[in-house]
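Structure data (compact mmCIF, C-alpha atoms) from input_12.txt:
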```txt
# COMPACT_ATOMS: atom_id res chain seq x y z
CA MET A 319 55.08 97.27 62.68
CA SER A 320 55.16 94.51 65.30
CA LEU A 321 58.38 93.21 66.84
CA ARG A 322 58.06 89.97 64.91
CA GLN A 323 57.70 91.84 61.62
CA ASN A 324 60.76 93.91 62.50
CA LEU A 325 62.74 90.78 63.29
CA ASN A 326 61.67 89.10 60.03
CA ALA A 327 63.14 92.08 58.19
CA LEU A 328 66.31 92.51 60.30
CA LEU A 329 67.48 88.97 61.03
CA PRO A 330 68.42 88.00 57.44
CA GLU A 331 70.92 90.91 57.48
CA ILE A 332 72.48 89.81 60.78
CA LEU A 333 72.42 86.03 61.01
CA PRO A 334 75.15 83.86 59.42
CA GLY A 335 74.03 81.22 56.91
CA ASP A 336 76.33 78.51 58.28
CA PRO A 337 75.30 77.03 61.67
CA ARG A 338 79.00 76.58 62.47
CA ASP A 339 79.18 80.39 62.70
CA ALA A 340 76.04 80.69 64.82
CA ILE A 341 75.56 83.79 67.00
CA LYS A 342 74.78 83.27 70.67
CA GLY A 343 71.59 84.75 72.02
CA THR A 344 73.23 87.51 74.09
CA GLU A 345 75.26 88.77 71.13
CA LEU A 346 72.27 88.59 68.82
CA ILE A 347 70.17 90.63 71.24
CA SER A 348 72.83 93.38 71.24
CA LEU A 349 73.05 93.42 67.44
CA VAL A 350 69.28 93.58 67.02
CA GLN A 351 68.84 96.34 69.64
CA LEU A 352 71.26 98.53 67.69
CA LYS A 353 68.95 98.37 64.66
CA LEU A 354 65.55 98.60 66.34
CA ASP A 355 63.91 102.02 66.74
CA ASP A 356 61.92 100.99 69.83
CA ASN A 357 63.38 99.77 73.10
CA TYR A 358 62.60 96.10 73.67
CA SER A 359 63.76 94.20 76.71
CA ASP A 360 66.30 91.38 76.50
CA ALA A 361 63.63 88.97 77.74
CA SER A 362 61.18 89.97 74.99
CA LEU A 363 63.79 89.53 72.27
CA ARG A 364 64.98 86.22 73.68
CA TYR A 365 61.37 84.98 73.79
CA HIS A 366 60.81 85.94 70.15
CA PHE A 367 64.05 84.26 69.05
CA SER A 368 62.96 81.07 70.77
CA ILE A 369 59.43 81.07 69.34
CA MET A 370 60.48 82.03 65.82
CA SER A 371 63.25 79.43 65.68
CA CYS A 372 60.55 76.73 66.03
CA ASP A 373 58.70 78.09 62.98
CA PRO A 374 60.15 76.65 59.75
CA THR A 375 58.83 79.64 57.77
CA SER A 376 60.79 82.21 59.83
CA PRO A 377 64.34 83.38 58.99
CA ILE A 378 65.91 82.29 62.29
CA ALA A 379 66.96 78.77 63.26
CA LYS A 380 68.59 77.41 66.42
CA VAL A 381 71.61 75.15 66.45
CA GLU A 382 70.62 71.56 67.19
CA LYS A 383 72.11 70.22 70.42
CA GLY A 384 74.04 73.43 70.97
CA GLN A 385 73.82 77.17 71.44
CA GLY A 386 73.39 79.97 68.95
CA TYR A 387 71.22 81.08 66.05
CA TYR A 388 71.77 81.16 62.30
CA LEU A 389 69.86 82.10 59.15
CA ARG A 390 67.39 79.52 57.91
CA THR A 391 69.05 79.24 54.52
CA THR A 392 66.15 77.82 52.54
CA GLN A 393 62.47 78.44 53.04
CA ILE A 394 60.08 76.14 51.24
CA PRO A 395 57.62 78.07 49.04
CA ALA A 396 54.28 78.40 50.78
CA LEU A 397 52.18 76.86 47.98
CA SER A 398 54.44 73.83 47.81
CA SER A 399 54.29 73.36 51.58
CA ALA A 400 50.51 73.74 51.66
CA GLN A 401 50.05 71.16 48.92
CA GLU A 402 52.38 68.74 50.71
CA LEU A 403 50.33 69.00 53.91
CA LEU A 404 47.04 68.68 52.04
CA SER A 405 48.29 65.56 50.27
CA LEU A 406 49.30 64.04 53.59
CA ARG A 407 45.84 64.62 54.99
CA GLN A 408 44.30 63.00 51.94
CA GLY A 409 46.68 60.13 52.62
CA GLN A 410 44.90 59.60 55.97
CA LEU A 411 47.53 61.27 58.16
CA ASP A 412 44.81 63.10 60.07
CA VAL A 413 47.21 64.11 62.83
CA LEU A 414 48.17 67.05 60.60
CA GLY A 415 44.63 68.38 60.47
CA SER A 416 44.94 71.02 63.19
CA ASP A 417 48.27 70.15 64.83
CA MET A 418 50.64 73.03 64.07
CA GLU A 419 53.62 71.20 65.55
CA ALA A 420 53.02 68.19 63.29
CA SER A 421 52.60 70.48 60.27
CA ASN A 422 55.85 72.30 61.03
CA HIS A 423 57.54 68.94 61.45
CA GLN A 424 56.46 67.88 57.97
CA ILE A 425 57.56 71.20 56.46
CA THR A 426 60.98 70.65 58.07
CA ARG A 427 61.15 67.23 56.39
CA LEU A 428 60.31 68.84 53.06
CA GLN A 429 63.02 71.45 53.62
CA LYS A 430 65.57 68.72 54.26
CA PHE A 431 64.55 66.90 51.09
CA HIS A 432 64.92 70.12 49.10
CA ALA A 433 68.44 70.47 50.51
CA ILE A 434 69.30 66.84 49.69
CA VAL A 435 68.10 67.32 46.11
CA GLN A 436 70.16 70.50 45.74
CA LYS A 437 73.32 68.72 46.92
CA TYR A 438 72.51 65.70 44.74
CA SER A 439 72.03 67.99 41.74
CA GLU A 440 75.30 69.84 42.32
CA ARG A 441 77.17 66.57 42.75
CA ARG A 442 75.91 65.39 39.34
CA GLY A 443 76.66 68.68 37.60
CA LEU A 444 72.95 69.59 37.44
CA ILE A 445 73.18 73.15 38.75
CA PRO A 446 69.94 73.95 40.62
CA PHE A 447 67.84 77.11 40.36
CA VAL A 448 65.14 77.23 43.04
CA PHE A 449 61.77 78.87 42.34
CA ARG A 450 60.57 80.70 45.45
CA GLU A 451 58.69 83.84 44.40
CA ALA A 452 56.54 81.89 41.92
CA LEU A 453 55.22 79.68 44.74
CA LYS A 454 55.08 82.16 47.61
CA ASN A 455 52.03 82.60 49.80
CA SER A 456 50.53 85.46 47.76
CA ALA A 457 51.02 83.70 44.41
CA PRO A 458 48.00 82.25 42.56
CA LEU A 459 47.24 78.63 43.42
CA GLY A 460 47.47 77.84 39.71
CA ASN A 461 51.23 78.46 39.85
CA LEU A 462 51.57 74.92 41.20
CA TRP A 463 50.74 73.85 37.64
CA ARG A 464 53.00 76.44 35.99
CA PHE A 465 56.25 76.28 37.95
CA PRO A 466 58.33 73.43 39.39
CA GLU A 467 60.12 73.67 42.72
CA LEU A 468 63.45 73.90 40.92
CA ALA A 469 65.16 73.81 37.54
CA GLN A 470 68.38 71.93 36.86
CA VAL A 471 70.82 73.30 34.30
CA GLU A 472 73.18 70.66 32.93
CA TRP A 473 76.37 72.09 31.43
CA ASP A 474 79.34 70.35 29.84
CA LEU A 475 82.01 71.26 32.38
CA SER A 476 85.70 71.25 31.51
CA SER A 477 87.27 71.64 34.94
CA LEU A 478 86.96 72.62 38.56
CA ASP A 479 89.36 75.57 38.83
CA ASP A 480 89.96 77.03 42.31
CA GLY A 481 86.50 75.88 43.35
CA GLU A 482 84.85 77.26 40.18
CA LEU A 483 82.95 75.13 37.68
CA THR A 484 84.25 76.09 34.23
CA LEU A 485 82.19 75.55 31.07
CA ASP A 486 83.72 73.56 28.21
CA PRO A 487 84.09 76.21 25.46
CA ASP A 488 84.34 73.61 22.67
CA SER A 489 81.08 71.97 23.71
CA VAL A 490 79.35 75.37 23.97
CA SER A 491 80.60 76.32 20.49
CA ILE A 492 79.56 73.03 18.88
CA ARG A 493 76.04 73.09 20.29
CA LEU A 494 75.52 76.71 19.27
CA SER A 495 76.73 75.95 15.73
CA GLN A 496 74.05 73.25 15.50
CA GLY A 497 71.33 75.64 16.63
CA LEU A 498 71.03 73.89 20.01
CA PRO A 499 71.14 75.50 23.46
CA PRO A 500 74.58 74.89 25.09
CA TYR A 501 72.90 73.34 28.14
CA ILE A 502 70.07 70.96 29.07
CA LEU A 503 67.28 72.52 31.12
CA ARG A 504 65.23 70.21 33.34
CA ALA A 505 62.16 71.05 35.46
CA VAL A 506 61.84 69.16 38.75
CA ARG A 507 58.86 68.68 41.07
CA LEU A 508 59.57 67.47 44.64
CA ARG A 509 57.46 65.43 47.06
CA THR A 510 58.34 63.57 50.26
CA PHE A 511 55.94 60.65 49.78
CA CYS A 512 53.86 58.92 47.12
CA SER A 513 50.49 57.19 47.35
CA LEU A 514 47.75 55.88 45.08
CA ASP A 515 45.56 58.77 46.28
CA THR A 516 47.97 61.55 45.35
CA PHE A 517 50.42 60.43 42.65
CA ARG A 518 48.26 61.48 39.68
CA GLU A 519 48.10 65.08 40.86
CA ASP A 520 51.87 65.04 41.46
CA PHE A 521 52.47 63.55 38.03
CA PHE A 522 50.30 65.88 35.99
CA GLN A 523 51.61 68.91 37.83
CA ALA A 524 55.07 67.72 36.78
CA VAL A 525 53.80 67.45 33.18
CA SER A 526 52.21 70.90 33.25
CA SER A 527 55.07 72.72 35.01
CA SER A 528 57.75 71.30 32.71
CA MET A 529 56.22 71.95 29.28
CA TRP A 530 58.73 74.75 28.59
CA ALA A 531 61.80 72.73 29.68
CA GLN A 532 63.73 70.06 27.78
CA SER A 533 62.60 67.40 30.24
CA GLY A 534 60.35 67.04 33.28
CA HIS A 535 61.10 65.10 36.47
CA LEU A 536 59.29 64.07 39.63
CA TYR A 537 61.47 63.35 42.68
CA TYR A 538 60.11 61.49 45.71
CA ALA A 539 62.00 61.30 49.00
CA CYS A 540 60.49 57.91 49.87
CA ALA A 541 60.98 54.58 48.16
CA ILE A 542 57.96 53.19 46.30
CA GLU A 543 57.34 49.51 46.96
CA ASP A 544 53.69 49.09 45.93
CA GLU A 545 53.77 47.22 42.60
CA ALA A 546 50.39 48.57 41.49
CA LEU A 547 51.59 52.10 42.15
CA LEU A 548 54.87 51.47 40.28
CA ASP A 549 52.98 50.08 37.29
CA SER A 550 50.68 53.11 37.22
CA ILE A 551 53.62 55.51 37.37
CA ARG A 552 55.52 53.73 34.60
CA ASN A 553 52.42 53.63 32.42
CA LEU A 554 51.92 57.40 32.75
CA SER A 555 55.61 58.02 32.16
CA SER A 556 55.58 56.03 28.93
CA HIS A 557 52.80 58.30 27.63
CA TYR A 558 54.02 61.69 28.88
CA GLY A 559 57.80 61.29 29.18
CA ILE A 560 58.14 62.43 32.80
CA GLY A 561 61.07 60.93 34.68
CA VAL A 562 60.37 59.61 38.18
CA THR A 563 63.13 59.09 40.76
CA THR A 564 63.02 58.03 44.41
CA PHE A 565 65.67 58.68 47.06
CA GLY A 566 64.90 55.94 49.58
CA LEU A 567 64.33 58.41 52.43
CA ASN A 568 61.25 57.62 54.50
CA LEU A 569 59.93 60.05 57.10
CA GLU A 570 62.10 58.60 59.86
CA ALA A 571 65.20 58.86 57.67
CA LEU A 572 64.41 62.51 56.95
CA ASP A 573 64.05 63.15 60.69
CA GLU A 574 67.50 61.67 61.30
CA LEU A 575 69.20 64.00 58.82
CA PRO A 576 71.02 67.11 60.13
CA SER A 577 69.32 70.48 59.88
CA THR A 578 68.64 72.02 56.47
CA ALA A 579 71.43 74.57 56.93
CA HIS A 580 73.92 71.82 57.81
CA LEU A 581 72.90 69.93 54.67
CA LEU A 582 73.30 72.97 52.39
CA ASN A 583 76.63 73.97 53.94
CA ALA A 584 78.12 70.46 53.93
CA ASN A 585 81.64 70.19 52.55
CA PRO A 586 82.41 67.61 49.82
CA ARG A 587 83.31 64.86 52.31
CA GLU A 588 80.17 65.50 54.37
CA THR A 589 78.08 65.58 51.19
CA GLU A 590 79.50 62.21 50.16
CA ALA A 591 78.48 60.77 53.54
CA LEU A 592 74.99 62.26 53.22
CA MET A 593 74.53 60.78 49.76
CA GLU A 594 75.39 57.36 51.17
CA ARG A 595 72.19 57.60 53.23
CA THR A 596 70.11 57.78 50.05
CA GLN A 597 69.16 54.97 47.70
CA VAL A 598 68.48 56.72 44.42
CA ASN A 599 66.27 54.64 42.14
CA VAL A 600 65.12 55.75 38.69
CA ILE A 601 61.56 54.42 38.36
CA ALA A 602 61.08 55.86 34.86
CA ASN A 603 63.42 57.74 32.53
CA ALA A 604 62.46 61.16 31.18
CA THR A 605 62.07 61.93 27.50
CA GLN A 606 64.54 64.67 26.61
CA ARG A 607 63.79 67.25 23.95
CA ASP A 608 66.52 69.00 21.93
CA GLN A 609 65.02 72.44 22.31
CA ILE A 610 63.20 74.52 24.89
CA ASP A 611 59.54 75.04 24.04
CA TRP A 612 59.62 78.81 23.63
CA LYS A 613 55.86 79.06 23.05
CA SER A 614 55.15 77.36 26.39
CA LEU A 615 57.84 79.49 28.01
CA SER A 616 56.25 82.71 26.75
CA LEU A 617 52.96 81.71 28.38
CA VAL A 618 54.48 81.56 31.89
CA ARG A 619 57.09 84.34 31.71
CA GLY A 620 54.55 86.95 32.77
CA ASP A 621 53.43 84.90 35.78
CA SER A 622 56.71 85.31 37.68
CA PRO A 623 59.87 87.39 37.19
CA GLU A 624 61.87 84.34 38.30
CA MET A 625 61.60 82.83 34.84
CA ASP A 626 63.49 85.79 33.38
CA GLU A 627 65.93 85.60 36.30
CA LEU A 628 66.64 81.97 35.37
CA PHE A 629 67.65 82.90 31.84
CA ARG A 630 69.60 85.98 32.93
CA TRP A 631 71.59 83.67 35.21
CA ILE A 632 72.17 81.22 32.35
CA ASN A 633 73.39 84.09 30.15
CA ARG A 634 75.81 85.28 32.86
CA CYS A 635 77.25 81.77 33.03
CA LEU A 636 77.76 81.79 29.24
CA GLU A 637 79.31 85.26 29.25
CA GLU A 638 81.77 84.42 32.03
CA GLY A 639 82.46 80.85 30.87
CA LYS A 640 81.76 79.41 34.30
CA VAL A 641 78.91 78.64 36.68
CA VAL A 642 78.17 81.80 38.70
CA ASP A 643 75.88 82.19 41.69
CA ALA A 644 72.21 82.41 40.78
```
Kindly transcribe the structure held in the file into structure tokens.
Amino acid sequence: MSLRQNLNALLPEILPGDPRDAIKGTELISLVQLKLDDNYSDASLRYHFSIMSCDPTSPIAKVEKGQGYYLRTTQIPALSSAQELLSLRQGQLDVLGSDMEASNHQITRLQKFHAIVQKYSERRGLIPFVFREALKNSAPLGNLWRFPELAQVEWDLSSLDDGELTLDPDSVSIRLSQGLPPYILRAVRLRTFCSLDTFREDFFQAVSSSMWAQSGHLYYACAIEDEALLDSIRNLSSHYGIGVTTFGLNLEALDELPSTAHLLNANPRETEALMERTQVNVIANATQRDQIDWKSLSLVRGDSPEMDELFRWINRCLEEGKVVDA
């Protein structure tokens, strides 16, 4: 096994998830050397830390404008990243054709948008569940049409008790007595930009990957100002019931955001400030169904164990009467 492969396996066990607790290079070298079977020089390890921290698919990230390393807390699924880059090339951004630095830059933007959507979801009581295994590098390309980037579970919450989100037992009981699930399950597809060349593929992937959920949504980081494009999106939405929302974050705005780890670890006050940078605009409302489509769900359950993990997590929340970690 190469040194890089060893580091990919070891670093997630060592690195802190919060950049405020970052480990300096000298300390990290010592911790890694204790776990490695072979003897690698300090210079070799330091070189690998530096190179890997520039790769948005690796587990290590470097503190911006400071010293120290931390765990890259969210890694965008490979299929989703590849499609994003392909769409950009179709959108005439040819600079991404063979420029690895530009490609990594765009993946970093996508990571930041994922983090913004997760914080936005949590703030609205739409608890996010991120699909990663279903869209990993070795997954079939067709999974882009079967699985969204994330699901949002909307609960009726009664209180925030000691930092815990507590479910409203009366609401849960009433919905169950009516034969309804005690939550609303939404499937969400994410993209950083929208164009006339690519929106149809985005839209129909959102349709296909949300058939099992109670509603399907397409989130774009950028604002959409082209009236012809807006009309086309609204026309499709009226037929298929997919909700479309933009966040008013163009590529430059995404670049100005803090690192992904800073976004995910933001405290409530910092999150409020981050949300002020967005301009959330609902282009089209989603059609919401009362029930999950169990037939459609059964068709995708065998394609990824994450679907069963989603419902095991939902059941744990119901059993404990509060939102638990996924």
*From the set A:Leu475, A:Met319, A:Ala644, A:Ile610, which residue has the shortest atom-to-atom contact distance to Leu628 in chain A, counting only C-alpha atoms?*
A:Ala644
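Take CA of Tyr388 in chain A and CA of Pro330 in chain A: the distance between them is 9.0 Å.
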*Quick one: everything within 9 Å of range 501-509 of chain A, counting only C-alpha atoms, minus sequence neighbours fewer than 4 positions away in the same chain. Send it as a PyMOL selection string.*
chain A and resi 398+402+428+431-432+435+444+465-474+490+493+520-521+523-524+527-540+606-610+632
*Atom pair CA of Val562 in chain A / CA of Tyr438 in chain A: separation (Å)*: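 Result for CA of Val562 in chain A versus CA of Tyr438 in chain A: 15.1 Å, one decimal.
In this structure, CA of Val525 in chain A sits 23.5 Å away from CA of Glu440 in chain A.
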*Residues within 12 Å of Ile369 in chain A, all atoms listed in the file, excluding chain neighbours under 5 positions, as a list in words*: Arg322, Leu325, Ser362, Leu363, Arg364, Pro374, Thr375, Ser376, Pro377, Ile378, Ala379 and Lys380 of chain A
*Quick one: of A:Ala433, A:Val381, A:Leu569, A:Leu636, who's nearest to Ser489 in chain A, counting all atoms listed in the file?*
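Comparing A:Ala433, A:Val381, A:Leu569, A:Leu636 against Ser489 in chain A, the winner is A:Leu636.
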_If we count all atoms listed in the file and set the cut-off at 10 Å, which residues sit around Pro337 in chain A, ignoring sequence neighbours fewer than 6 positions away in its own chain? Please answer as a list in words._
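So the residues in contact are Ala379, Lys380, Val381, Glu382, Gln385, Gly386, Tyr387, Tyr388, Leu389, Arg390, Thr391, Ser577, Thr578, Ala579, His580 and Asn583 of chain A.
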*Closest of A:Ser491, A:Gln496, A:Asn461, A:Ser371 to Ser622 in chain A - atom-to-atom distances counting all atoms listed in the file*: A:Asn461
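Neighbours of Val350 in chain A closer than or equal to 8 Å, with all atoms listed in the file counted and sequence neighbours fewer than 5 positions away skipped, come out as Leu328, Leu329 and Ile332 of chain A.
Neighbouring residues of Glu543 in chain A at 12 Å or closer, counting all atoms listed in the file and skipping chain neighbours under 5 positions away, are Phe511, Cys512, Ser513, Leu514, Leu548, Asp549, Ile551, Thr564, Gly566, Asn568, Asn599 and Ile601 of chain A.
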*Give as a count of residues only each residue that has an atom at most 8 Å from (83.8, 67.8, 45.1) in the file, counting only C-alpha atoms.*
3
*Which residue gives the smallest distance to Thr605 in chain A among A:Phe447, A:Phe565, A:Ile560, A:Glu627, with only C-alpha atoms counted?*
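Answer, going by the shortest atom-to-atom distance: A:Ile560.
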Provide range 496-530 of chain A rebuilt to N, CA and C atoms, formatted as a CSV table (one decimal), keeping the file's coordinate frame.
```
chain,number,residue,atom,x,y,z
A,496,GLN,N,75.1,74.1,15.9
A,496,GLN,CA,74.0,73.2,15.5
A,496,GLN,C,72.7,73.8,15.8
A,497,GLY,N,72.6,75.0,16.3
A,497,GLY,CA,71.3,75.6,16.6
A,497,GLY,C,70.7,75.1,17.9
A,498,LEU,N,71.5,74.5,18.8
A,498,LEU,CA,71.0,73.9,20.0
A,498,LEU,C,71.5,74.7,21.2
A,499,PRO,N,70.7,74.8,22.3
A,499,PRO,CA,71.1,75.5,23.5
A,499,PRO,C,72.4,74.8,24.0
A,500,PRO,N,73.4,75.5,24.6
A,500,PRO,CA,74.6,74.9,25.1
A,500,PRO,C,74.4,74.3,26.5
A,501,TYR,N,73.2,73.9,26.8
A,501,TYR,CA,72.9,73.3,28.1
A,501,TYR,C,71.7,72.5,28.0
A,502,ILE,N,71.3,71.7,29.0
A,502,ILE,CA,70.1,71.0,29.1
A,502,ILE,C,69.3,71.5,30.3
A,503,LEU,N,68.1,71.9,30.1
A,503,LEU,CA,67.3,72.5,31.1
A,503,LEU,C,66.2,71.6,31.5
A,504,ARG,N,66.2,71.2,32.8
A,504,ARG,CA,65.2,70.2,33.3
A,504,ARG,C,64.4,70.9,34.4
A,505,ALA,N,63.1,70.6,34.4
A,505,ALA,CA,62.2,71.0,35.5
A,505,ALA,C,61.9,69.9,36.4
A,506,VAL,N,61.9,70.2,37.7
A,506,VAL,CA,61.8,69.2,38.8
A,506,VAL,C,60.8,69.5,39.8
A,507,ARG,N,59.9,68.6,40.0
A,507,ARG,CA,58.9,68.7,41.1
A,507,ARG,C,59.3,67.8,42.2
A,508,LEU,N,59.1,68.2,43.5
A,508,LEU,CA,59.6,67.5,44.6
A,508,LEU,C,58.4,67.1,45.6
A,509,ARG,N,58.4,65.9,46.1
A,509,ARG,CA,57.5,65.4,47.1
A,509,ARG,C,58.2,64.5,48.0
A,510,THR,N,57.7,64.5,49.3
A,510,THR,CA,58.3,63.6,50.3
A,510,THR,C,57.8,62.2,50.2
A,511,PHE,N,56.5,62.0,49.8
A,511,PHE,CA,55.9,60.6,49.8
A,511,PHE,C,55.0,60.5,48.6
A,512,CYS,N,54.7,59.2,48.3
A,512,CYS,CA,53.9,58.9,47.1
A,512,CYS,C,52.8,57.9,47.5
A,513,SER,N,51.6,58.1,47.0
A,513,SER,CA,50.5,57.2,47.4
A,513,SER,C,49.6,57.1,46.2
A,514,LEU,N,48.7,56.1,46.1
A,514,LEU,CA,47.8,55.9,45.1
A,514,LEU,C,46.7,57.0,45.1
A,515,ASP,N,46.5,57.7,46.2
A,515,ASP,CA,45.6,58.8,46.3
A,515,ASP,C,46.1,60.1,45.7
A,516,THR,N,47.4,60.2,45.7
A,516,THR,CA,48.0,61.6,45.4
A,516,THR,C,48.9,61.6,44.1
A,517,PHE,N,49.4,60.4,43.6
A,517,PHE,CA,50.4,60.4,42.6
A,517,PHE,C,50.0,61.1,41.3
A,518,ARG,N,48.7,60.9,41.0
A,518,ARG,CA,48.3,61.5,39.7
A,518,ARG,C,48.4,63.0,39.7
A,519,GLU,N,48.0,63.6,40.8
A,519,GLU,CA,48.1,65.1,40.9
A,519,GLU,C,49.6,65.5,40.8
A,520,ASP,N,50.4,64.8,41.5
A,520,ASP,CA,51.9,65.0,41.5
A,520,ASP,C,52.4,64.9,40.0
A,521,PHE,N,52.0,63.8,39.4
A,521,PHE,CA,52.5,63.6,38.0
A,521,PHE,C,52.0,64.6,37.0
A,522,PHE,N,50.8,64.9,37.0
A,522,PHE,CA,50.3,65.9,36.0
A,522,PHE,C,50.7,67.3,36.3
A,523,GLN,N,51.0,67.6,37.6
A,523,GLN,CA,51.6,68.9,37.8
A,523,GLN,C,53.0,68.9,37.3
A,524,ALA,N,53.7,67.8,37.4
A,524,ALA,CA,55.1,67.7,36.8
A,524,ALA,C,55.0,67.9,35.3
A,525,VAL,N,54.0,67.3,34.6
A,525,VAL,CA,53.8,67.4,33.2
A,525,VAL,C,53.6,68.9,32.8
A,526,SER,N,52.6,69.5,33.6
A,526,SER,CA,52.2,70.9,33.2
A,526,SER,C,53.3,71.9,33.5
A,527,SER,N,54.1,71.7,34.6
A,527,SER,CA,55.1,72.7,35.0
A,527,SER,C,56.4,72.5,34.3
A,528,SER,N,56.5,71.5,33.4
A,528,SER,CA,57.8,71.3,32.7
A,528,SER,C,57.6,71.4,31.2
A,529,MET,N,56.5,71.9,30.7
A,529,MET,CA,56.2,72.0,29.3
A,529,MET,C,57.2,72.8,28.5
A,530,TRP,N,57.8,73.8,29.2
A,530,TRP,CA,58.7,74.8,28.6
A,530,TRP,C,60.2,74.2,28.6
```
